[in-house]
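Below is one structure; the comments refer to it alone.
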Amino acid sequence: MNATPKTLRHLSELRQAGLAPDQHAALAKVAAQYAVAITPAMAALIDRADPHDPIARQLVPDPAELEVAPGETADPIGDDAHSPAPGVVHRYPDRVLLKLTPVCAVYCRFCFRREMVGPSGHPLTAKQLDAALDYITRHPEIWEVILSGGDPLVLSARRLRQVIARLAAIEHVKVLRIHTRVPVADPARITPELARALKARGKAVYVVLHANHARELTPEARAACARLVDSGIPMLSQSVLLNGVNDEPQALAALMRALVECRIKPYYLHHGDLAPGTSHLRTSIEHGQGLMRGLRGRLSGLCQPSYVLDIPGGHGKSPVGPNYLSRDEGGRIRIADYRGAWHCYPPTT
Ligand code: SF4
């Protein structure tokens, strides 16, 4: 009888699964430095015969991760500078991040928190959670709480229900947003019980799916998302623009369309953050802008995410284009249409 497939966490398991070569000292170094986890659902998607497989590229360690490029830092988006209590990041006035656990279902090779996440980290203790909730309670300007991570949906339905009930009891918190990769990485975890646990009485709850390639939206992943949406939870998406994964027009368009077909509104396309050892996965901003122009030219407005860059140092996200407005020499506004042709506004007669 075949054993139930398990999450691959060690190089020996990756080798057995045909995802790593026999001897590779550099890979051992990478795996010792950054967490590895590939769930059975994700491992099943990898085409072993394709050396450029876009799922493998996201999850299988690569010796290129040992090369730290200029500007790359352990905390590329400046979480630490805005952390008033363990697990809390208060960067923008009206919202906070609440990081309940450093554990994820899979560990992405481009992760912006790769120095913080991993299976050996500890979830917030009861005392730390009390302090985090106390901070949120004492700040009436906080309108939205974003459960991020690590991946909050690796926690049990019971634990999530407790935390969400406590957040829902804070009068000024109106919106809860849950960032997760679990519906694609481990779809079976999204049970009806878990979907019910995410509901917060009297509050709006959104789930934001992290997915980077259309192939991640398997029938099982689509069914997991449908369980959330059918239970009344609206879904958004975030994707990271990744060299060799989704940085071709067709691949990006297929991803955005697949998301919308699953009733998930594309929300963010992140420019890759300056996390250590990730330069081989980043594109240029100009390339990203060109891809966004292509999306605007070809796909429904429903399929358009906002292309954003987290400014290093903790200064927050900014949209990075492309720009559709300019002024001509006479100072009149010109606007580009979806095919790239320019028009005066208001039209000249
Ligand atoms: S799921 Fe998110 S937090 Fe976890 S490793 Fe991937 S990018 Fe990082």
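We name chains A, B, ... following the order of the structure tokens; residues begin at 1 in each chain, and ligands are numbered from 1 as shown.
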
query: Please, which residues have at least one atom within 6 Å of an atom of ligand 1, using only C-alpha atoms and all ligand atoms, listed as an MDAnalysis selection string?
result: chainID A and resid 104 107:108 111 113 149:151 181

task: Please provide the set of residues having any atom within 12 Å of Gly297 (chain A), restricted to only C-alpha atoms, with same-chain residues fewer than 4 positions apart removed, written as a PyMOL selection string.
output: chain A and resi 249+253+290-293+301+303-304+336-341

message: I'd like the neighbourhood of Leu242 (chain A) as an MDAnalysis selection string, where a residue qualifies if any of its atoms comes within 6 Å (using only C-alpha atoms), though same-chain residues fewer than 5 positions away should be ignored.
response: chainID A and resid 247 281:282

Could you save those same residues with all heavy atoms as a compact mmCIF listing (two decimals), in the first residue's frame?
```txt
# COMPACT_ATOMS: atom_id res chain seq x y z
N ASP A 247 6.51 36.16 -15.54
CA ASP A 247 6.93 37.43 -16.15
C ASP A 247 6.84 37.41 -17.67
O ASP A 247 7.53 38.17 -18.34
CB ASP A 247 8.34 37.82 -15.69
CG ASP A 247 9.41 36.87 -16.21
OD1 ASP A 247 9.08 35.70 -16.47
OD2 ASP A 247 10.56 37.31 -16.39
N LEU A 281 15.25 35.97 -9.01
CA LEU A 281 13.81 35.85 -9.22
C LEU A 281 13.13 37.20 -9.49
O LEU A 281 11.94 37.25 -9.76
CB LEU A 281 13.16 35.19 -7.99
CG LEU A 281 13.52 33.71 -7.81
CD1 LEU A 281 13.11 33.21 -6.43
CD2 LEU A 281 12.86 32.86 -8.89
N ARG A 282 13.91 38.29 -9.34
CA ARG A 282 13.31 39.61 -9.58
C ARG A 282 13.43 40.01 -11.06
O ARG A 282 14.36 39.60 -11.75
CB ARG A 282 14.01 40.69 -8.74
CG ARG A 282 13.45 40.81 -7.33
CD ARG A 282 13.90 42.09 -6.65
NE ARG A 282 15.33 42.22 -6.57
CZ ARG A 282 16.10 41.64 -5.65
NH1 ARG A 282 15.55 40.89 -4.72
NH2 ARG A 282 17.40 41.81 -5.66
```

Where does region 79-144 of chain A meet region 22-46 of chain A within 12 Å, residue by residue, with the nearest atom pair and distance in Å to one decimal for each, counting only C-alpha atoms, listed by chain and rising number, as a tab-separated table?
```
residue	atom	partner	partner_atom	distance
A:Pro102	CA	A:Ala35	CA	10.9
A:Val103	CA	A:Ala35	CA	9.7
A:Cys104	CA	A:Ala37	CA	8.2
A:Ala105	CA	A:Ala37	CA	6.9
A:Val106	CA	A:Ala37	CA	4.7
A:Tyr107	CA	A:Ala37	CA	5.4
A:Cys108	CA	A:Val36	CA	8.0
A:Arg109	CA	A:Tyr34	CA	8.2
A:Phe110	CA	A:Tyr34	CA	10.5
A:Cys111	CA	A:Tyr34	CA	9.8
A:Phe112	CA	A:Tyr34	CA	11.9
A:Arg113	CA	A:Tyr34	CA	10.4
A:Arg114	CA	A:Tyr34	CA	6.7
A:Glu115	CA	A:Tyr34	CA	7.3
A:Met116	CA	A:Tyr34	CA	9.4
A:Val117	CA	A:Ala35	CA	7.5
A:Gly118	CA	A:Ala35	CA	5.3
A:Pro119	CA	A:Ala35	CA	7.3
A:Ser120	CA	A:Ala35	CA	8.9
A:Gly121	CA	A:Ala35	CA	10.5
```

With C-alpha atoms retained, could you export that selection as a compact mmCIF listing (two decimals), in the first residue's frame?
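Dumped to out-v4.txt:
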```
# COMPACT_ATOMS: atom_id res chain seq x y z
CA PRO A 102 5.95 32.21 11.58
CA VAL A 103 4.96 28.83 10.09
CA CYS A 104 3.79 28.46 6.46
CA ALA A 105 2.42 25.53 4.47
CA VAL A 106 5.17 26.05 1.87
CA TYR A 107 8.27 28.24 1.98
CA CYS A 108 8.61 30.45 -1.07
CA ARG A 109 12.18 30.99 -2.27
CA PHE A 110 11.47 34.71 -2.80
CA CYS A 111 9.78 35.29 0.58
CA PHE A 112 10.16 38.86 1.84
CA ARG A 113 10.15 37.53 5.42
CA ARG A 114 12.46 34.59 4.72
CA GLU A 115 14.68 35.50 7.66
CA MET A 116 11.69 35.36 10.05
CA VAL A 117 9.51 32.49 8.81
CA GLY A 118 10.17 28.80 9.35
CA PRO A 119 9.01 25.73 11.25
CA SER A 120 11.37 26.36 14.17
CA GLY A 121 9.79 29.74 14.97
```

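Rounded to one decimal, CA of Val240 (chain A) and CA of Val320 (chain A) lie 13.8 Å from each other.
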
- request: Would you kindly return, as a list in words, each protein, DNA or RNA residue with an atom no farther than 7 Å from any atom of region 165-170 of chain A, considering only C-alpha atoms and excluding same-chain residues fewer than 6 positions away?
  value: Thr137, Ala200, Arg201 and Lys203 of chain A
